[in-house]
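Structure file coords.txt (compact mmCIF, C-alpha atoms) follows.
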```txt
# COMPACT_ATOMS: atom_id res chain seq x y z
CA MET A 1 0.00 0.00 0.00
CA ARG A 2 1.42 3.33 -1.02
CA GLU A 3 -0.83 5.44 1.21
CA PRO A 4 -1.59 3.73 4.51
CA PHE A 5 -4.15 6.40 5.40
CA GLY A 6 -5.40 7.16 1.91
CA ASN A 7 -8.44 5.00 1.70
CA ALA A 8 -9.31 4.94 5.39
CA LEU A 9 -9.46 8.72 5.70
CA GLY A 10 -10.87 9.50 2.30
CA ALA A 11 -7.80 11.22 0.90
CA ALA A 12 -7.08 10.73 -2.76
CA GLU A 13 -4.61 7.97 -3.48
CA PHE A 14 -1.63 8.88 -5.65
CA ARG A 15 -1.76 7.26 -9.07
CA LEU A 16 -0.27 7.75 -12.51
CA VAL A 17 -2.22 6.85 -15.64
CA GLU A 18 -0.72 6.94 -19.11
CA GLU A 19 -2.72 7.77 -22.21
CA ARG A 20 -1.53 8.03 -25.83
CA PRO A 21 -3.78 10.41 -27.78
CA ARG A 22 -1.21 10.32 -30.60
CA PRO A 23 1.60 7.84 -31.21
CA GLU A 24 4.26 10.43 -30.46
CA THR A 25 2.54 12.03 -27.48
CA LEU A 26 2.16 10.83 -23.92
CA VAL A 27 -0.47 12.24 -21.58
CA LEU A 28 0.49 11.42 -18.01
CA VAL A 29 -2.52 11.82 -15.74
CA VAL A 30 -1.57 12.40 -12.11
CA LEU A 31 -4.11 11.75 -9.36
CA GLY A 32 -3.94 12.45 -5.64
CA ASP A 33 -1.25 14.14 -3.57
CA VAL A 34 2.25 14.78 -4.92
CA ASP A 35 4.71 15.23 -2.05
CA LEU A 36 7.99 13.83 -0.78
CA HIS A 37 6.38 10.39 -0.61
CA THR A 38 5.21 10.27 -4.22
CA ALA A 39 7.23 12.81 -6.23
CA ASP A 40 10.03 10.35 -7.00
CA GLU A 41 7.59 8.06 -8.78
CA LEU A 42 6.41 10.97 -10.91
CA GLY A 43 9.98 11.95 -11.73
CA SER A 44 10.92 8.38 -12.56
CA ARG A 45 7.96 7.99 -14.88
CA LEU A 46 8.88 11.18 -16.73
CA ALA A 47 12.50 10.02 -16.98
CA ALA A 48 11.33 6.69 -18.40
CA ALA A 49 9.14 8.51 -20.93
CA SER A 50 12.12 10.53 -22.11
CA ARG A 51 13.92 7.28 -23.00
CA ARG A 52 11.01 6.03 -25.10
CA ARG A 53 9.97 7.06 -28.60
CA ILE A 54 7.92 9.95 -27.31
CA ASP A 55 8.24 13.45 -28.73
CA SER A 56 6.06 15.31 -26.32
CA VAL A 57 4.41 15.00 -22.92
CA VAL A 58 1.38 16.59 -21.34
CA VAL A 59 1.24 16.11 -17.57
CA ASP A 60 -2.40 16.46 -16.59
CA LEU A 61 -2.61 17.71 -13.00
CA SER A 62 -6.38 18.31 -13.07
CA ALA A 63 -6.97 15.55 -10.52
CA VAL A 64 -4.03 16.43 -8.28
CA THR A 65 -5.24 17.34 -4.81
CA PHE A 66 -1.95 18.65 -3.41
CA VAL A 67 1.52 19.48 -4.69
CA ASP A 68 4.60 20.67 -2.79
CA SER A 69 8.17 21.63 -3.70
CA GLN A 70 9.11 18.01 -4.28
CA GLY A 71 6.36 17.63 -6.83
CA ILE A 72 7.41 20.86 -8.50
CA GLY A 73 10.97 19.53 -8.61
CA ALA A 74 9.82 16.37 -10.41
CA LEU A 75 8.00 18.48 -12.99
CA LEU A 76 11.06 20.68 -13.51
CA LEU A 77 13.06 17.52 -14.12
CA GLY A 78 10.51 16.46 -16.74
CA ALA A 79 10.72 19.84 -18.45
CA ARG A 80 14.49 19.56 -18.67
CA LEU A 81 14.36 15.99 -20.01
CA PHE A 82 12.13 17.20 -22.82
CA GLY A 83 14.48 19.98 -23.78
CA SER A 84 12.86 22.77 -21.76
CA ARG A 85 10.65 23.25 -24.80
CA PRO A 86 7.07 24.44 -24.26
CA ASP A 87 6.05 22.69 -27.46
CA ARG A 88 7.21 19.35 -26.07
CA PHE A 89 6.35 19.49 -22.36
CA ARG A 90 3.20 21.09 -20.96
CA LEU A 91 1.16 20.94 -17.77
CA VAL A 92 -2.59 21.00 -17.31
CA VAL A 93 -3.46 22.83 -14.10
CA ARG A 94 -7.09 23.46 -13.30
CA ARG A 95 -7.41 23.84 -9.53
CA PRO A 96 -6.59 27.29 -8.10
CA GLU A 97 -4.76 25.86 -5.08
CA ILE A 98 -2.47 23.88 -7.36
CA ARG A 99 -1.87 26.81 -9.68
CA ARG A 100 -1.00 28.94 -6.65
CA VAL A 101 2.01 26.75 -5.84
CA PHE A 102 3.39 27.49 -9.30
CA GLU A 103 2.60 31.17 -8.91
CA ILE A 104 4.22 31.72 -5.52
CA THR A 105 7.41 30.14 -6.80
CA SER A 106 7.17 32.07 -10.10
CA LEU A 107 7.41 28.76 -11.91
CA ASP A 108 4.25 29.57 -13.83
CA GLN A 109 6.56 31.78 -15.87
CA ILE A 110 8.87 28.88 -16.71
CA LEU A 111 6.64 25.83 -16.92
CA PRO A 112 3.89 26.10 -19.55
CA LEU A 113 0.49 25.77 -17.84
CA ASP A 114 -2.80 25.18 -19.64
CA PRO A 115 -6.33 25.07 -18.22
CA THR A 116 -7.39 22.04 -20.24
CA ARG A 117 -5.82 19.01 -21.85
CA ASP A 118 -7.09 20.03 -25.28
CA ALA A 119 -5.39 23.42 -24.94
CA ALA A 120 -2.13 21.72 -24.00
CA LEU A 121 -2.29 19.23 -26.87
CA ALA A 122 -3.00 22.05 -29.32
CA ARG A 123 0.24 23.77 -28.37
CA LEU A 124 2.50 20.79 -28.94
CA ALA A 125 4.77 20.66 -31.94
CA PRO A 126 3.63 18.48 -34.85
CA ALA A 127 5.10 14.98 -34.99
CA GLY A 128 8.70 14.93 -36.10
CA ASP A 129 9.16 18.67 -35.64
CA ASP A 130 12.59 19.11 -34.13
CA SER A 131 12.97 22.78 -34.92
CA GLY A 132 13.63 23.85 -31.37
CA GLY A 133 10.27 25.46 -30.70
CA MET B 134 -13.33 30.28 22.31
CA ALA B 135 -10.69 28.44 20.35
CA ASP B 136 -10.43 24.69 20.53
CA ALA B 137 -7.68 22.95 22.48
CA PRO B 138 -4.32 22.37 20.80
CA VAL B 139 -3.72 19.20 18.81
CA ARG B 140 -0.44 17.33 19.09
CA LEU B 141 0.63 14.70 16.60
CA CYS B 142 3.83 12.68 16.89
CA PHE B 143 4.77 10.47 13.96
CA PRO B 144 7.75 8.52 12.60
CA ALA B 145 10.04 10.61 10.38
CA LYS B 146 8.88 8.80 7.24
CA THR B 147 7.39 10.17 4.08
CA GLU B 148 4.15 8.21 4.28
CA TYR B 149 3.11 10.21 7.35
CA LEU B 150 3.14 13.59 5.59
CA LEU B 151 -0.43 12.92 4.53
CA LEU B 152 -1.39 12.48 8.17
CA ALA B 153 0.10 15.91 8.99
CA ARG B 154 -2.06 17.51 6.28
CA LEU B 155 -5.15 15.73 7.52
CA ALA B 156 -4.48 17.04 11.03
CA VAL B 157 -4.36 20.58 9.63
CA ALA B 158 -7.60 20.01 7.75
CA GLY B 159 -9.28 18.88 10.96
CA VAL B 160 -8.08 21.72 13.16
CA VAL B 161 -8.94 24.53 10.73
CA ARG B 162 -12.56 23.44 10.63
CA SER B 163 -13.08 25.43 13.82
CA LEU B 164 -11.32 28.53 12.49
CA PRO B 165 -12.60 31.13 10.01
CA PHE B 166 -9.84 30.61 7.45
CA GLY B 167 -10.62 30.91 3.77
CA GLN B 168 -9.98 28.15 1.26
CA GLN B 169 -6.67 29.61 0.13
CA ASP B 170 -5.45 29.99 3.71
CA VAL B 171 -6.20 26.34 4.38
CA ALA B 172 -4.33 25.29 1.25
CA ASP B 173 -1.41 27.51 2.30
CA LEU B 174 -1.35 25.94 5.77
CA LYS B 175 -1.30 22.41 4.36
CA LEU B 176 1.54 23.43 2.07
CA ALA B 177 3.58 25.08 4.84
CA VAL B 178 3.09 22.17 7.24
CA THR B 179 4.01 19.65 4.57
CA GLU B 180 7.19 21.54 3.65
CA ALA B 181 8.26 21.86 7.29
CA CYS B 182 7.54 18.22 8.08
CA ALA B 183 9.21 17.07 4.86
CA ASN B 184 12.35 19.00 5.82
CA ALA B 185 12.40 17.13 9.12
CA VAL B 186 11.82 13.78 7.42
CA ARG B 187 14.55 14.41 4.85
CA HIS B 188 17.24 16.09 6.89
CA ALA B 189 16.84 15.53 10.63
CA TYR B 190 17.93 11.95 10.99
CA ALA B 191 20.72 9.90 9.48
CA ALA B 192 19.74 7.04 7.21
CA GLY B 193 18.66 4.03 9.23
CA VAL B 194 18.05 6.05 12.39
CA ARG B 195 14.51 5.89 13.70
CA GLY B 196 13.34 9.39 14.50
CA GLU B 197 10.14 11.20 15.19
CA VAL B 198 8.53 14.46 14.14
CA GLU B 199 6.12 16.34 16.38
CA LEU B 200 3.43 18.62 14.99
CA ASP B 201 1.61 21.01 17.32
CA LEU B 202 -1.42 22.88 16.03
CA VAL B 203 -2.52 25.63 18.42
CA PRO B 204 -5.69 27.44 17.38
CA GLY B 205 -6.38 30.95 18.62
CA PRO B 206 -9.38 33.18 17.96
CA ASP B 207 -7.69 34.86 15.01
CA ARG B 208 -4.75 32.59 14.22
CA LEU B 209 -3.25 29.16 13.99
CA ASP B 210 0.17 28.57 15.46
CA VAL B 211 2.03 25.58 14.08
CA VAL B 212 5.17 24.08 15.58
CA VAL B 213 7.12 21.32 13.83
CA GLU B 214 9.89 19.81 15.93
CA ASP B 215 12.42 17.06 15.47
CA TRP B 216 15.24 15.74 17.63
CA GLY B 217 17.74 15.16 14.86
CA SER B 218 21.03 16.70 13.91
CA GLY B 219 19.63 20.23 13.56
CA ILE B 220 20.19 22.72 10.80
CA PRO B 221 22.94 25.35 10.87
CA LEU B 222 21.63 28.61 12.34
CA PRO B 223 21.23 31.44 11.63
CA LEU B 224 19.80 30.58 8.28
CA PRO B 225 21.27 32.44 5.33
CA GLU B 226 18.98 34.65 3.32
CA PRO B 227 17.00 32.73 0.71
CA PRO B 228 19.18 32.31 -2.35
CA ASP B 229 18.25 34.29 -5.44
CA ARG B 230 18.61 31.33 -7.69
CA PRO B 231 18.20 27.99 -5.98
CA THR B 232 18.96 25.23 -8.39
CA GLU B 233 17.28 22.33 -6.71
CA SER B 234 13.89 21.72 -5.19
CA GLY B 235 15.35 21.38 -1.71
CA GLY B 236 15.92 25.10 -1.68
CA MET B 237 12.30 25.89 -2.41
CA GLY B 238 10.65 24.55 0.72
CA LEU B 239 11.62 27.30 3.13
CA SER B 240 10.98 29.99 0.53
CA ILE B 241 7.48 28.64 0.06
CA ILE B 242 6.87 28.62 3.82
CA ARG B 243 8.05 32.22 4.13
CA THR B 244 5.57 33.27 1.48
CA VAL B 245 2.45 31.51 2.73
CA VAL B 246 2.63 32.14 6.50
CA ASP B 247 2.60 35.45 8.38
CA GLU B 248 5.39 34.66 10.84
CA LEU B 249 8.22 32.14 10.77
CA GLU B 250 10.84 31.33 13.39
CA ILE B 251 13.41 28.56 13.20
CA ALA B 252 15.51 27.55 16.19
CA HIS B 253 17.19 24.59 17.80
CA GLY B 254 15.37 22.57 20.46
CA ALA B 255 15.51 23.36 24.16
CA ASP B 256 18.53 21.13 24.77
CA GLY B 257 20.26 22.36 21.63
CA ARG B 258 19.26 19.33 19.63
CA GLY B 259 17.04 19.17 16.63
CA THR B 260 15.08 21.89 14.91
CA VAL B 261 11.93 23.76 15.90
CA VAL B 262 9.97 25.51 13.17
CA HIS B 263 7.28 27.87 14.47
CA MET B 264 4.81 29.25 11.94
CA THR B 265 1.84 31.54 12.46
CA LYS B 266 -1.05 32.09 10.10
CA LEU B 267 -3.42 34.94 10.89
CA VAL B 268 -7.10 34.91 9.97
CA GLY B 269 -8.13 37.60 7.51
CA ARG B 270 -4.63 38.45 6.38
CA PRO B 271 -4.09 36.31 3.36
CA CYS B 272 -0.47 36.44 2.33
CA ASP B 273 -0.58 38.41 -0.85
CA GLU B 274 0.44 37.40 -4.30
CA SER B 275 3.91 38.82 -3.84
CA ARG B 276 6.32 36.65 -5.71
CA ALA B 277 9.32 38.37 -4.25
CA GLU B 278 9.53 36.23 -1.13
CA ALA B 279 9.59 32.89 -2.80
CA ARG B 280 11.05 33.88 -6.10
CA THR B 281 13.15 31.08 -7.41
CA ASP B 282 13.97 32.05 -10.97
CA LEU B 283 14.52 28.41 -11.60
CA ASP B 284 15.59 27.48 -15.04
CA PRO B 285 14.63 23.93 -15.94
CA SER B 286 17.94 23.52 -17.71
CA GLN B 287 19.70 23.95 -14.38
CA VAL B 288 17.80 21.28 -12.50
```
Output the file's structure in the form of structure tokens.
Amino acid sequence: MREPFGNALGAAEFRLVEERPRPETLVLVVLGDVDLHTADELGSRLAAASRRRIDSVVVDLSAVTFVDSQGIGALLLGARLFGSRPDRFRLVVRRPEIRRVFEITSLDQILPLDPTRDAALARLAPAGDDSGG
Amino acid sequence: MADAPVRLCFPAKTEYLLLARLAVAGVVRSLPFGQQDVADLKLAVTEACANAVRHAYAAGVRGEVELDLVPGPDRLDVVVEDWGSGIPLPLPEPPDRPTESGGMGLSIIRTVVDELEIAHGADGRGTVVHMTKLVGRPCDESRAEARTDLDPSQV
């Protein structure tokens, strides 16, 4: 059990779900709380994605219920692994309390945030585009 | 009248950070904090407890973290204490350009609480982090306090 209290106390359990809307694009859906206990798993999954035949990643944080500096660190790692290119690595952030963590660290100015998954997908580079965005 | 304080003592392990947040959620039910204040308190408590979990005790050493939540009529005082190796004090000013996530935790705390004091424990051991959040004084949107200017290429 990852979260010994998760189910018993009604808190959202941390989970990662992968979706492939296009062959070259990974959508990584994150659910639950991202903190020191779970951020490594998020970072590892992003690192693994960077070693696969994937051009671009959208990390969908719409169902994230909490994120701290460790979670932010994992997302920064992902951004770097995908070339720090906003057309290859984007985040979907819907909840105000999650967006606030990016804002108070000014990372909303570095990591590309979108309100919906469709908006994020629309801003990715076309397949095979390696122009540097 | 404010409720009685809540004290939580837990092993210095990452899986208990969730329990610290749940304790905050329970205590603030009796206080007139807004939604953003509650989110800020959960964030500050998590960062302080995570610092203790990560840094207080050497690998393989069983340690504990204590969380005290002391509600007042217009405030919540939070104390996070460990009995580990302690951090060097006084703390330097927050760096302008931290290059790793470990440097962000304290900056985040400074931004989302109204008062912050960090000291060693009574017998000189460990670290005591005392935070205060006042009702009706939401920490503003100022980015200056927690500015990180992180560049993903530097991570």
Using all atoms listed in the file and a cutoff of 12 Å, can you tell me which residues are near (6.7, 25.0, -21.1) in the file's coordinates, and write them out as a compact mmCIF listing (two decimals) with C-alpha atoms, keeping the file's coordinate frame?
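Resulting contents of selection29.txt:
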```txt
# COMPACT_ATOMS: atom_id res chain seq x y z
CA SER A 56 6.06 15.31 -26.32
CA VAL A 57 4.41 15.00 -22.92
CA VAL A 58 1.38 16.59 -21.34
CA VAL A 59 1.24 16.11 -17.57
CA LEU A 75 8.00 18.48 -12.99
CA LEU A 76 11.06 20.68 -13.51
CA GLY A 78 10.51 16.46 -16.74
CA ALA A 79 10.72 19.84 -18.45
CA ARG A 80 14.49 19.56 -18.67
CA LEU A 81 14.36 15.99 -20.01
CA PHE A 82 12.13 17.20 -22.82
CA GLY A 83 14.48 19.98 -23.78
CA SER A 84 12.86 22.77 -21.76
CA ARG A 85 10.65 23.25 -24.80
CA PRO A 86 7.07 24.44 -24.26
CA ASP A 87 6.05 22.69 -27.46
CA ARG A 88 7.21 19.35 -26.07
CA PHE A 89 6.35 19.49 -22.36
CA ARG A 90 3.20 21.09 -20.96
CA LEU A 91 1.16 20.94 -17.77
CA VAL A 92 -2.59 21.00 -17.31
CA LEU A 107 7.41 28.76 -11.91
CA ASP A 108 4.25 29.57 -13.83
CA GLN A 109 6.56 31.78 -15.87
CA ILE A 110 8.87 28.88 -16.71
CA LEU A 111 6.64 25.83 -16.92
CA PRO A 112 3.89 26.10 -19.55
CA LEU A 113 0.49 25.77 -17.84
CA ASP A 114 -2.80 25.18 -19.64
CA ALA A 120 -2.13 21.72 -24.00
CA ARG A 123 0.24 23.77 -28.37
CA LEU A 124 2.50 20.79 -28.94
CA ALA A 125 4.77 20.66 -31.94
CA GLY A 133 10.27 25.46 -30.70
CA ASP B 284 15.59 27.48 -15.04
CA PRO B 285 14.63 23.93 -15.94
CA SER B 286 17.94 23.52 -17.71
```
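When all atoms listed in the file are used to compute distances to chain B, the closest of the residues A:Gly43, A:Gly32, A:Pro115, A:Gly73 turns out to be A:Gly73.
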Between atom CA of Leu36 of chain A and atom CA of Arg154 of chain B, measure the distance and give it in Å to one decimal. 12.8 Å
List the spatial neighbours of Ala252 of chain B as a PyMOL selection string - criterion: any atom at most 9 Å away, only C-alpha atoms, same-chain residues fewer than 4 positions off excluded. chain B and resi 219-220+222-223+257+259-263
Enter the distance from atom CA of Gly217 of chain B to atom CA of Gly238 of chain B, in Å, rounded to one decimal.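 Between atom CA of Gly217 of chain B and atom CA of Gly238 of chain B the gap works out to 18.4 Å.
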For chain A, which of B:Val178, B:Met237, B:Leu200, B:Ala153 is the closest residue, counting all atoms listed in the file? B:Met237
Interatomic distance, atom CA of Lys266 of chain B to atom CA of His37 of chain A (Å, one decimal):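 Distance between the two atoms: 25.3 Å.
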Which of these, A:Ala127, A:Leu77, A:Val93, A:Ala63, has the shortest distance to chain B once you count only C-alpha atoms?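 With only C-alpha atoms as the atom set, the closest residue is A:Leu77.
Proximity to chain B was assessed for A:Glu24, A:Asp55, A:Glu97, A:Glu18 counting all atoms listed in the file; the smallest distance is recorded for A:Glu97.
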Between B:Val139, B:Leu209, B:Leu239, B:Val194, smallest distance to chain A by all atoms listed in the file belongs to B:Leu239
Can you pull out every residue within 6 Å of Asp173 of chain B, counting only C-alpha atoms, but drop anything in the same chain fewer than 3 positions away, and send it as a ChimeraX atom specification? /B:170,176,245
Selection to disk with C-alpha atoms, as a short mmCIF file (atom, residue, chain, number, x, y, z; two decimals), in the frame of the given file:
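So again17.cif came out as:
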```cif
data_model
loop_
_atom_site.label_atom_id
_atom_site.label_comp_id
_atom_site.auth_asym_id
_atom_site.auth_seq_id
_atom_site.Cartn_x
_atom_site.Cartn_y
_atom_site.Cartn_z
CA ASP B 170 -5.45 29.99 3.71
CA LEU B 176 1.54 23.43 2.07
CA VAL B 245 2.45 31.51 2.73
#
```
From B:Ala183, B:Val246, B:Ala145, B:Val198, residue lying nearest chain A [all atoms listed in the file]: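 Among B:Ala183, B:Val246, B:Ala145, B:Val198, it is B:Ala183 that comes nearest to chain A.
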Can you take the partial segment 142-159 of chain B, add N, CA, C and O atoms, and return it as a compact mmCIF listing (two decimals), in the coordinates of the input?
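Resulting contents of result.txt:
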```txt
# COMPACT_ATOMS: atom_id res chain seq x y z
N CYS B 142 2.44 13.14 16.93
CA CYS B 142 3.83 12.68 16.89
C CYS B 142 3.89 11.48 15.95
O CYS B 142 3.12 10.52 16.12
N PHE B 143 4.77 11.54 14.95
CA PHE B 143 4.77 10.47 13.96
C PHE B 143 6.20 10.12 13.55
O PHE B 143 7.11 10.96 13.69
N PRO B 144 6.42 8.91 13.07
CA PRO B 144 7.75 8.52 12.60
C PRO B 144 8.21 9.44 11.46
O PRO B 144 7.39 9.87 10.64
N ALA B 145 9.49 9.72 11.42
CA ALA B 145 10.04 10.61 10.38
C ALA B 145 10.13 9.84 9.06
O ALA B 145 11.22 9.53 8.57
N LYS B 146 8.97 9.53 8.50
CA LYS B 146 8.88 8.80 7.24
C LYS B 146 7.89 9.50 6.32
O LYS B 146 6.90 10.10 6.78
N THR B 147 8.16 9.39 5.05
CA THR B 147 7.39 10.17 4.08
C THR B 147 5.91 9.84 4.09
O THR B 147 5.07 10.70 3.81
N GLU B 148 5.56 8.59 4.38
CA GLU B 148 4.15 8.21 4.28
C GLU B 148 3.27 8.92 5.30
O GLU B 148 2.05 8.91 5.19
N TYR B 149 3.90 9.54 6.32
CA TYR B 149 3.11 10.21 7.35
C TYR B 149 2.85 11.69 7.04
O TYR B 149 2.14 12.35 7.80
N LEU B 150 3.40 12.20 5.94
CA LEU B 150 3.14 13.59 5.59
C LEU B 150 1.65 13.83 5.33
O LEU B 150 1.11 14.88 5.64
N LEU B 151 1.01 12.83 4.76
CA LEU B 151 -0.43 12.92 4.53
C LEU B 151 -1.18 13.09 5.84
O LEU B 151 -2.14 13.86 5.94
N LEU B 152 -0.73 12.39 6.86
CA LEU B 152 -1.39 12.48 8.17
C LEU B 152 -1.26 13.90 8.73
O LEU B 152 -2.20 14.43 9.33
N ALA B 153 -0.10 14.54 8.53
CA ALA B 153 0.10 15.91 8.99
C ALA B 153 -0.90 16.85 8.31
O ALA B 153 -1.50 17.72 8.94
N ARG B 154 -1.10 16.66 7.00
CA ARG B 154 -2.06 17.51 6.28
C ARG B 154 -3.48 17.28 6.76
O ARG B 154 -4.28 18.21 6.88
N LEU B 155 -3.80 16.03 7.04
CA LEU B 155 -5.15 15.73 7.52
C LEU B 155 -5.39 16.35 8.89
O LEU B 155 -6.49 16.81 9.20
N ALA B 156 -4.36 16.40 9.72
CA ALA B 156 -4.48 17.04 11.03
C ALA B 156 -4.79 18.53 10.85
O ALA B 156 -5.65 19.10 11.54
N VAL B 157 -4.10 19.16 9.92
CA VAL B 157 -4.36 20.58 9.63
C VAL B 157 -5.80 20.76 9.18
O VAL B 157 -6.53 21.64 9.67
N ALA B 158 -6.23 19.90 8.27
CA ALA B 158 -7.60 20.01 7.75
C ALA B 158 -8.62 19.90 8.87
O ALA B 158 -9.65 20.58 8.88
N GLY B 159 -8.35 19.04 9.85
CA GLY B 159 -9.28 18.88 10.96
C GLY B 159 -9.32 20.09 11.86
O GLY B 159 -10.39 20.58 12.22
```
